file entry_31.txt (compact mmCIF, C-alpha atoms)
# COMPACT_ATOMS: atom_id res chain seq x y z
CA MET A 1 133.71 116.81 57.23
CA ARG A 2 135.40 119.00 59.78
CA GLN A 3 133.92 122.09 58.27
CA ASP A 4 130.41 120.58 58.46
CA ALA A 5 130.88 119.83 62.12
CA ASP A 6 132.01 123.38 62.82
CA THR A 7 129.03 124.78 60.97
CA ALA A 8 126.69 122.56 62.94
CA THR A 9 128.23 123.69 66.20
CA GLU A 10 127.85 127.32 65.23
CA ARG A 11 124.26 126.78 64.25
CA VAL A 12 123.49 125.16 67.60
CA GLU A 13 125.32 127.87 69.50
CA GLY A 14 123.49 130.51 67.57
CA LYS A 15 120.02 129.22 68.37
CA LEU A 16 120.11 127.66 71.83
CA THR A 17 120.02 129.70 75.00
CA GLU A 18 121.65 128.49 78.20
CA ASP A 19 118.18 127.61 79.51
CA ASP A 20 117.59 125.46 76.42
CA VAL A 21 120.81 123.58 77.00
CA ARG A 22 120.00 123.05 80.67
CA ARG A 23 116.53 121.78 79.79
CA ILE A 24 117.88 119.38 77.18
CA VAL A 25 120.52 118.01 79.56
CA ARG A 26 117.91 117.59 82.29
CA GLU A 27 115.55 115.74 79.96
CA GLU A 28 118.31 113.48 78.69
CA VAL A 29 119.40 112.64 82.24
CA GLU A 30 115.79 111.84 83.16
CA HIS A 31 115.42 109.62 80.10
CA ALA A 32 118.68 107.85 80.90
CA PHE A 33 117.52 107.31 84.47
CA LYS A 34 114.24 105.83 83.26
CA ARG A 35 116.11 103.48 80.95
CA ASP A 36 118.42 102.38 83.77
CA PRO A 37 117.09 98.99 84.91
CA ALA A 38 118.67 99.45 88.34
CA ALA A 39 116.18 102.25 89.01
CA ARG A 40 113.49 99.59 88.85
CA ARG A 41 115.02 97.17 91.35
CA ALA A 42 115.02 97.08 95.14
CA SER A 43 116.94 94.64 97.33
CA ILE A 44 116.22 94.55 101.03
CA ILE A 45 117.76 92.50 103.84
CA ALA A 46 115.50 91.66 106.80
CA SER A 47 117.76 90.62 109.68
CA LYS A 48 115.57 91.10 112.75
CA GLY A 49 112.91 88.80 114.11
CA THR A 50 110.78 90.94 116.40
CA LEU A 51 107.23 92.11 115.70
CA ASP A 52 108.23 95.77 115.42
CA TRP A 53 111.19 95.11 113.12
CA ALA A 54 109.20 92.78 110.87
CA TYR A 55 107.16 95.73 109.59
CA PRO A 56 109.70 98.00 107.85
CA PRO A 57 111.07 95.48 105.31
CA LEU A 58 107.59 94.26 104.38
CA ILE A 59 106.08 97.75 104.14
CA LEU A 60 108.95 99.03 102.00
CA ALA A 61 109.11 95.93 99.81
CA THR A 62 105.39 95.89 99.01
CA THR A 63 105.47 99.63 98.32
CA ALA A 64 108.49 99.29 96.04
CA ALA A 65 106.72 96.53 94.11
CA ALA A 66 103.59 98.68 93.91
CA ALA A 67 105.73 101.40 92.35
CA GLY A 68 106.72 98.95 89.64
CA MET A 69 110.06 97.78 91.02
CA ASP A 70 111.39 94.21 90.91
CA THR A 71 111.74 93.69 94.62
CA ALA A 72 113.43 91.01 96.70
CA VAL A 73 113.68 90.63 100.47
CA PHE A 74 116.45 88.44 101.82
CA PHE A 75 115.63 87.05 105.25
CA THR A 76 118.70 86.26 107.27
CA PHE A 77 119.47 85.45 110.89
CA TYR A 78 116.49 86.35 113.10
CA GLY A 79 114.69 87.77 110.06
CA LEU A 80 113.93 84.15 109.10
CA SER A 81 111.29 84.17 111.85
CA ILE A 82 109.17 86.53 109.75
CA ILE A 83 108.66 83.89 107.03
CA HIS A 84 108.77 80.81 109.28
CA LYS A 85 105.44 78.95 109.23
CA ASP A 86 105.28 78.63 112.99
CA PHE A 87 106.69 82.00 113.94
CA ALA A 88 105.06 84.61 111.71
CA LYS A 89 101.99 84.85 113.92
CA LYS A 90 104.02 84.70 117.12
CA LEU A 91 106.57 87.45 116.57
CA LYS A 92 107.19 89.31 119.79
CA VAL A 93 108.39 92.72 120.83
CA ASP A 94 110.92 93.15 123.61
CA PRO A 95 110.33 96.10 125.93
CA VAL A 96 113.75 95.77 127.59
CA GLY A 97 116.20 98.46 126.55
CA ASN A 98 113.61 100.21 124.43
CA PRO A 99 112.77 103.51 126.13
CA ALA A 100 110.92 104.75 123.03
CA MET A 101 108.29 102.02 123.25
CA PRO A 102 104.90 103.59 123.96
CA MET A 103 103.64 102.28 127.31
CA PRO A 104 100.77 103.49 129.49
CA MET A 105 103.36 104.37 132.13
CA PRO A 106 107.17 104.39 132.28
CA ILE A 107 108.38 100.88 133.13
CA PRO A 108 111.98 100.37 134.27
CA ASP A 109 114.03 97.65 132.58
CA ILE A 110 114.22 95.67 135.81
CA VAL A 111 110.43 95.28 135.67
CA SER A 112 110.32 94.80 131.87
CA SER A 113 112.72 91.90 132.25
CA LEU A 114 110.38 89.95 134.56
CA PRO A 115 108.74 86.79 133.18
CA GLY A 116 105.56 87.55 131.26
CA MET A 117 106.52 91.05 130.21
CA VAL A 118 107.51 90.13 126.65
CA PRO A 119 104.16 88.46 125.87
CA LEU A 120 102.38 91.35 127.58
CA ALA A 121 104.23 93.99 125.56
CA SER A 122 103.65 91.95 122.38
CA ARG A 123 99.92 91.70 123.08
CA MET A 124 99.78 95.43 123.76
CA MET A 125 101.53 96.29 120.51
CA ARG A 126 99.31 93.91 118.49
CA SER A 127 96.18 95.39 120.00
CA ARG A 128 97.43 98.93 119.40
CA PHE A 129 98.17 98.09 115.78
CA ALA A 130 94.74 96.44 115.42
CA THR A 131 93.02 99.50 116.93
CA HIS A 132 94.66 101.69 114.31
CA ASN A 133 93.85 99.17 111.58
CA VAL A 134 97.50 98.53 110.71
CA ALA A 135 97.90 95.44 108.53
CA THR A 136 99.15 92.32 110.33
CA ILE A 137 102.46 90.71 109.36
CA GLY A 138 100.44 87.86 107.82
CA GLU A 139 98.47 90.31 105.68
CA LEU A 140 101.66 92.05 104.56
CA LEU A 141 103.23 88.70 103.62
CA ASP A 142 100.12 87.85 101.60
CA ALA A 143 100.25 91.27 99.93
CA ALA A 144 103.96 90.83 99.21
CA ARG A 145 103.46 87.48 97.49
CA ASP A 146 100.37 88.78 95.69
CA ILE A 147 102.24 91.75 94.21
CA GLY A 148 105.29 89.70 93.24
CA VAL A 149 107.87 90.51 95.92
CA ARG A 150 110.47 87.71 96.01
CA LEU A 151 110.95 86.35 99.52
CA ILE A 152 114.36 84.70 99.86
CA ALA A 153 115.56 82.77 102.90
CA CYS A 154 119.27 82.68 103.74
CA ARG A 155 120.46 79.06 103.49
CA MET A 156 123.43 79.51 105.80
CA THR A 157 121.29 80.74 108.70
CA MET A 158 118.72 78.03 108.01
CA GLU A 159 121.50 75.49 108.44
CA VAL A 160 122.70 77.05 111.71
CA PHE A 161 119.20 77.40 113.17
CA GLY A 162 118.16 73.93 112.01
CA TYR A 163 115.38 75.01 109.64
CA ASP A 164 114.24 73.06 106.56
CA GLU A 165 112.69 74.42 103.40
CA ALA A 166 109.37 72.99 104.57
CA ASP A 167 109.50 75.24 107.66
CA PHE A 168 108.77 78.32 105.59
CA ILE A 169 105.58 79.77 104.15
CA ASP A 170 104.66 79.03 100.54
CA GLY A 171 106.44 80.96 97.84
CA VAL A 172 109.74 81.41 99.70
CA GLU A 173 112.93 80.96 97.65
CA PHE A 174 116.32 80.02 99.03
CA GLY A 175 119.70 81.60 98.43
CA GLY A 176 122.91 82.93 99.86
CA ALA A 177 125.03 86.05 100.06
CA ALA A 178 126.15 85.81 96.44
CA ALA A 179 122.53 85.64 95.25
CA PHE A 180 121.78 88.78 97.24
CA MET A 181 124.86 90.66 96.00
CA SER A 182 124.10 89.71 92.42
CA GLN A 183 120.67 91.29 92.74
CA ALA A 184 121.84 94.20 94.93
CA ARG A 185 124.53 95.38 92.50
CA ARG A 186 121.77 95.84 89.95
CA SER A 187 119.52 97.75 92.37
CA HIS A 188 119.68 101.44 93.15
CA VAL A 189 117.65 100.78 96.28
CA THR A 190 119.35 98.50 98.79
CA MET A 191 118.54 98.38 102.48
CA PHE A 192 119.73 96.45 105.51
CA ILE A 193 117.02 96.30 108.13
CA MET B 194 86.11 121.41 91.59
CA GLN B 195 86.84 117.85 90.45
CA GLU B 196 83.23 116.70 90.23
CA SER B 197 83.34 116.56 86.45
CA ILE B 198 85.80 113.62 86.42
CA ASN B 199 84.06 110.31 85.75
CA GLU B 200 85.82 107.35 87.27
CA ASP B 201 85.75 103.81 85.89
CA ARG B 202 86.48 102.17 89.22
CA VAL B 203 86.67 103.17 92.88
CA VAL B 204 89.12 102.00 95.54
CA ASP B 205 87.82 102.40 99.06
CA ALA B 206 90.98 102.55 101.20
CA ARG B 207 89.31 104.42 104.04
CA ASP B 208 90.55 103.40 107.51
CA LEU B 209 93.55 101.62 106.03
CA LEU B 210 97.06 102.71 106.99
CA CYS B 211 100.34 102.71 105.05
CA PRO B 212 101.16 100.78 102.91
CA MET B 213 97.66 99.44 102.28
CA PRO B 214 96.12 102.40 100.38
CA VAL B 215 98.94 102.26 97.81
CA LEU B 216 98.75 98.45 97.57
CA ALA B 217 94.97 98.55 97.12
CA THR B 218 95.37 101.25 94.47
CA THR B 219 97.97 99.19 92.62
CA LYS B 220 95.77 96.11 92.67
CA GLN B 221 92.71 97.92 91.30
CA MET B 222 94.74 99.85 88.72
CA ARG B 223 95.83 96.55 87.21
CA LEU B 224 92.19 95.82 86.39
CA LEU B 225 91.78 99.01 84.36
CA GLU B 226 92.49 99.66 80.69
CA PRO B 227 94.95 102.43 79.73
CA GLY B 228 93.20 105.78 79.77
CA GLN B 229 90.59 104.73 82.31
CA VAL B 230 90.28 106.59 85.60
CA LEU B 231 90.56 105.21 89.12
CA LYS B 232 89.09 107.07 92.09
CA VAL B 233 90.80 106.45 95.44
CA LEU B 234 89.23 107.17 98.81
CA ALA B 235 91.59 107.29 101.80
CA THR B 236 91.66 108.58 105.35
CA ASP B 237 95.38 107.99 106.00
CA ARG B 238 96.94 111.47 105.81
CA GLY B 239 100.11 109.81 104.54
CA ALA B 240 98.27 109.23 101.27
CA LEU B 241 98.61 112.96 100.56
CA ALA B 242 102.30 112.33 99.86
CA ASP B 243 102.17 108.64 98.95
CA ILE B 244 99.54 108.58 96.20
CA PRO B 245 101.16 111.40 94.15
CA ALA B 246 104.61 109.78 94.61
CA TRP B 247 103.24 106.41 93.53
CA ALA B 248 101.55 108.00 90.51
CA GLU B 249 104.80 109.65 89.44
CA ASP B 250 106.78 106.41 89.85
CA THR B 251 104.31 104.35 87.87
CA GLY B 252 103.66 106.92 85.15
CA ASN B 253 99.95 107.05 85.96
CA LYS B 254 98.55 110.57 85.90
CA LEU B 255 97.11 112.16 89.01
CA LEU B 256 94.25 114.20 87.56
CA GLY B 257 93.24 115.85 90.81
CA SER B 258 92.49 115.44 94.46
CA SER B 259 90.13 116.82 97.04
CA GLU B 260 89.19 116.41 100.66
CA ASP B 261 85.74 116.10 102.12
CA ALA B 262 85.08 115.62 105.83
CA GLY B 263 88.44 113.97 106.43
CA VAL B 264 88.22 111.70 103.39
CA LEU B 265 90.92 112.25 100.79
CA VAL B 266 89.89 111.64 97.19
CA PHE B 267 92.29 111.12 94.29
CA TRP B 268 91.56 110.65 90.60
CA ILE B 269 94.24 108.82 88.62
CA ARG B 270 94.29 108.09 84.90
CA LYS B 271 96.00 104.85 83.92
CA ALA B 272 99.05 105.38 81.72
CA SER B 273 99.23 103.71 78.34
CA ASP B 274 102.32 101.69 79.35
CA ALA B 275 101.64 101.10 83.05
call {"tool": "encode", "arguments": {"input": "entry_31.txt", "output": "C-alpha cells"}}
result
Amino acid sequence: MRQDADTATERVEGKLTEDDVRRIVREEVEHAFKRDPAARRASIIASKGTLDWAYPPLILATTAAAAGMDTAVFFTFYGLSIIHKDFAKKLKVDPVGNPAMPMPMPIPDIVSSLPGMVPLASRMMRSRFATHNVATIGELLDAARDIGVRLIACRMTMEVFGYDEADFIDGVEFGGAAAFMSQARRSHVTMFI
Amino acid sequence: MQESINEDRVVDARDLLCPMPVLATTKQMRLLEPGQVLKVLATDRGALADIPAWAEDTGNKLLGSSEDAGVLVFWIRKASDA
C-alpha cells in the first residue's frame, strides 16, 4: 500500500509542472466556491426611511436576485417606511446636514430647516430621478417581488412604531433578529444599509 | 463584427438606468431555452460593466458586444443550467 502511494506521488511529481499544480488548485477552489451555497445568498438590512436611502437596498437586492442569488431584505426601524403601504410613495429626503445633496444653489442649513424645505427637496429629487428615468421605489419593490426577493419586516420595530401586518405591501414576511442572523450566517453577502 | 449572430429575442433597455437593464435582461432570459441567444440594447454606460458581470455570475455566455451611436448592444447565449 505504502509503496503504491509513493509511486503515485513520484508519477505525479514527474509529470506536473508548477503551473499545472497552480491551475489545478485554482480550478478546484473555483469549483468549491461554486458549490458553496453561501455564495448564492445575500442578506441585506434596510434601516433608513428616506427617499435617497431607500434606493441602495432595493437596487442591490434586485441585482443580487438577478444574478441568481437567494436574496432577503430585512426592513427595520425607519426602513419599515419603504414597505409601508402608506409611506412608500411618500418617502422624503432631508436636505439638512447633507452638503453633498445636489441643489441649484448652495443652501445653508438654517434655510433648509425652514418649514416646506423637506417636501421641496423631496419633490426636486423625485423630478430629477424621473428626468433621468431612474426607477421609482414602487417600481423597484414590484421588481423585487417579481424576481423573488424576500421582503421581511422586523416585528420588534413594528411593535414599537405601532404597525400591523396589514400596514405593509403584499408579499411582505415578518421576522426578527434571529431570523436575519440565521439567513445571514449562510450568506457571503451581508449588508447593513 | 457581430452582425452574424442571430438572436432569438431582444431586450430594449434603452433609456433605463441601473438596475433596470440587468433586471429586464434577467426577465427575458427566463423566457428563452438553453442555447438560445438574447440581444440586449442599453444606453446606460454602467451596462458595460454590469452585463458582463451578470453573465459571468449566471453562467450565461456573453458572445459579443458592440456600440452604435451611443447604444450598447450585447449578445448573450443562455447557459444549459441557467
call {"tool": "interface_residues", "arguments": {"input": "entry_31.txt", "of": "chain B", "to": "chain A", "cutoff": "10 Å", "atoms": "all atoms listed in the file", "output": "PDB file with C-alpha atoms, in the frame of the given file"}}
result
ATOM      1  CA  ASP B 208      90.550 103.400 107.510  1.00  0.00           C
ATOM      2  CA  LEU B 209      93.550 101.620 106.030  1.00  0.00           C
ATOM      3  CA  LEU B 210      97.060 102.710 106.990  1.00  0.00           C
ATOM      4  CA  CYS B 211     100.340 102.710 105.050  1.00  0.00           C
ATOM      5  CA  PRO B 212     101.160 100.780 102.910  1.00  0.00           C
ATOM      6  CA  MET B 213      97.660  99.440 102.280  1.00  0.00           C
ATOM      7  CA  PRO B 214      96.120 102.400 100.380  1.00  0.00           C
ATOM      8  CA  VAL B 215      98.940 102.260  97.810  1.00  0.00           C
ATOM      9  CA  LEU B 216      98.750  98.450  97.570  1.00  0.00           C
ATOM     10  CA  ALA B 217      94.970  98.550  97.120  1.00  0.00           C
ATOM     11  CA  THR B 218      95.370 101.250  94.470  1.00  0.00           C
ATOM     12  CA  THR B 219      97.970  99.190  92.620  1.00  0.00           C
ATOM     13  CA  LYS B 220      95.770  96.110  92.670  1.00  0.00           C
ATOM     14  CA  ASP B 243     102.170 108.640  98.950  1.00  0.00           C
ATOM     15  CA  ALA B 246     104.610 109.780  94.610  1.00  0.00           C
ATOM     16  CA  TRP B 247     103.240 106.410  93.530  1.00  0.00           C
ATOM     17  CA  ALA B 248     101.550 108.000  90.510  1.00  0.00           C
ATOM     18  CA  GLU B 249     104.800 109.650  89.440  1.00  0.00           C
ATOM     19  CA  ASP B 250     106.780 106.410  89.850  1.00  0.00           C
ATOM     20  CA  THR B 251     104.310 104.350  87.870  1.00  0.00           C
ATOM     21  CA  GLY B 252     103.660 106.920  85.150  1.00  0.00           C
ATOM     22  CA  ALA B 275     101.640 101.100  83.050  1.00  0.00           C
TER      23      ALA B 275
END
call {"tool": "residues_around", "arguments": {"input": "entry_31.txt", "residues": "Trp268 in chain B", "least_positions_apart": "4", "cutoff": "8 Å", "atoms": "all atoms listed in the file", "output": "JSON, numbers by chain"}}
result
{"B": [198, 200, 230, 231, 232, 233, 255, 256, 257, 258]}
call {"tool": "atom_distance", "arguments": {"input": "entry_31.txt", "atom1": "CA of Glu260 in chain B", "atom2": "CA of Thr136 in chain A"}}
result
27.8 Å
call {"tool": "atom_distance", "arguments": {"input": "entry_31.txt", "atom1": "CA of Leu91 in chain A", "atom2": "CA of Ala206 in chain B"}}
result
26.6 Å
call {"tool": "closest_residue", "arguments": {"input": "entry_31.txt", "among": "B:Ile269, B:Arg238, B:Asn253, B:Ala262", "to": "Val203 in chain B", "atoms": "only C-alpha atoms"}}
result
B:Ile269
call {"tool": "residues_around", "arguments": {"input": "entry_31.txt", "residues": "range 97-109 of chain A", "least_positions_apart": "3", "cutoff": "9 Å", "atoms": "all atoms listed in the file", "output": "JSON, numbers by chain"}}
result
{"A": [94, 112, 113, 114, 121, 124, 125]}
call {"tool": "residues_around", "arguments": {"input": "entry_31.txt", "residues": "Ile83 in chain A", "least_positions_apart": "4", "cutoff": "12 Å", "atoms": "all atoms listed in the file", "output": "MDAnalysis selection string"}}
result
chainID A and resid 46:50 54 57:58 73:79 87:91 137:138 140:142 144:145 150:154 158 163 165:174
call {"tool": "atom_distance", "arguments": {"input": "entry_31.txt", "atom1": "CA of Ser127 in chain A", "atom2": "CA of Val96 in chain A"}}
result
19.1 Å
call {"tool": "closest_residue", "arguments": {"input": "entry_31.txt", "among": "B:Asp201, B:Gly263, B:Gly228, B:Met222", "to": "Leu241 in chain B", "atoms": "only C-alpha atoms"}}
result
B:Gly263
call {"tool": "closest_residue", "arguments": {"input": "entry_31.txt", "among": "B:Gln229, B:Asn199, B:Ala240, B:Gln221", "to": "Val264 in chain B", "atoms": "all atoms listed in the file"}}
result
B:Ala240
call {"tool": "decode", "arguments": {"input": "entry_31.txt", "residues": "range 86-108 of chain A", "atoms": "N, CA and C atoms", "output": "JSON list (two decimals), in the first residue's frame"}}
result
[["chain", "number", "residue", "atom", "x", "y", "z"],
["A", 86, "ASP", "N", -48.70, 53.03, 3.18],
["A", 86, "ASP", "CA", -48.99, 54.46, 3.09],
["A", 86, "ASP", "C", -47.75, 55.32, 2.89],
["A", 87, "PHE", "N", -46.59, 54.74, 3.11],
["A", 87, "PHE", "CA", -45.38, 55.57, 3.11],
["A", 87, "PHE", "C", -44.54, 55.45, 1.84],
["A", 88, "ALA", "N", -44.62, 54.28, 1.18],
["A", 88, "ALA", "CA", -43.68, 54.02, 0.09],
["A", 88, "ALA", "C", -43.66, 55.15, -0.94],
["A", 89, "LYS", "N", -44.85, 55.69, -1.22],
["A", 89, "LYS", "CA", -44.90, 56.75, -2.24],
["A", 89, "LYS", "C", -44.59, 58.13, -1.65],
["A", 90, "LYS", "N", -44.45, 58.18, -0.34],
["A", 90, "LYS", "CA", -44.27, 59.49, 0.29],
["A", 90, "LYS", "C", -42.90, 59.63, 0.96],
["A", 91, "LEU", "N", -41.98, 58.76, 0.65],
["A", 91, "LEU", "CA", -40.65, 58.87, 1.26],
["A", 91, "LEU", "C", -40.06, 60.24, 0.92],
["A", 92, "LYS", "N", -39.38, 60.80, 1.89],
["A", 92, "LYS", "CA", -38.84, 62.15, 1.70],
["A", 92, "LYS", "C", -37.33, 62.15, 1.87],
["A", 93, "VAL", "N", -36.73, 63.21, 1.37],
["A", 93, "VAL", "CA", -35.30, 63.39, 1.54],
["A", 93, "VAL", "C", -35.10, 64.64, 2.38],
["A", 94, "ASP", "N", -34.14, 64.58, 3.28],
["A", 94, "ASP", "CA", -33.91, 65.71, 4.19],
["A", 94, "ASP", "C", -32.65, 66.46, 3.78],
["A", 95, "PRO", "N", -32.80, 67.72, 3.37],
["A", 95, "PRO", "CA", -31.61, 68.47, 2.92],
["A", 95, "PRO", "C", -30.73, 68.96, 4.07],
["A", 96, "VAL", "N", -31.25, 68.91, 5.30],
["A", 96, "VAL", "CA", -30.47, 69.44, 6.43],
["A", 96, "VAL", "C", -29.28, 68.51, 6.73],
["A", 97, "GLY", "N", -28.12, 69.13, 6.87],
["A", 97, "GLY", "CA", -26.94, 68.35, 7.22],
["A", 97, "GLY", "C", -26.47, 67.43, 6.11],
["A", 98, "ASN", "N", -26.85, 67.78, 4.87],
["A", 98, "ASN", "CA", -26.43, 66.95, 3.74],
["A", 98, "ASN", "C", -25.79, 67.85, 2.68],
["A", 99, "PRO", "N", -24.55, 68.26, 2.91],
["A", 99, "PRO", "CA", -23.91, 69.19, 1.98],
["A", 99, "PRO", "C", -23.66, 68.61, 0.59],
["A", 100, "ALA", "N", -23.75, 67.27, 0.46],
["A", 100, "ALA", "CA", -23.49, 66.65, -0.84],
["A", 100, "ALA", "C", -24.72, 66.64, -1.72],
["A", 101, "MET", "N", -25.88, 67.03, -1.16],
["A", 101, "MET", "CA", -27.10, 66.97, -1.96],
["A", 101, "MET", "C", -27.04, 67.99, -3.09],
["A", 102, "PRO", "N", -27.27, 67.52, -4.33],
["A", 102, "PRO", "CA", -27.21, 68.46, -5.45],
["A", 102, "PRO", "C", -28.38, 69.45, -5.42],
["A", 103, "MET", "N", -28.07, 70.72, -5.32],
["A", 103, "MET", "CA", -29.08, 71.79, -5.29],
["A", 103, "MET", "C", -28.69, 72.81, -6.35],
["A", 104, "PRO", "N", -29.68, 73.56, -6.86],
["A", 104, "PRO", "CA", -29.34, 74.57, -7.87],
["A", 104, "PRO", "C", -28.37, 75.62, -7.31],
["A", 105, "MET", "N", -28.44, 75.86, -6.02],
["A", 105, "MET", "CA", -27.52, 76.81, -5.39],
["A", 105, "MET", "C", -27.25, 76.33, -3.97],
["A", 106, "PRO", "N", -26.11, 76.73, -3.38],
["A", 106, "PRO", "CA", -25.83, 76.29, -2.01],
["A", 106, "PRO", "C", -26.88, 76.85, -1.05],
["A", 107, "ILE", "N", -27.45, 76.01, -0.21],
["A", 107, "ILE", "CA", -28.48, 76.45, 0.73],
["A", 107, "ILE", "C", -28.02, 76.12, 2.14],
["A", 108, "PRO", "N", -27.85, 77.15, 2.99],
["A", 108, "PRO", "CA", -27.39, 76.87, 4.35],
["A", 108, "PRO", "C", -28.43, 76.10, 5.16]]
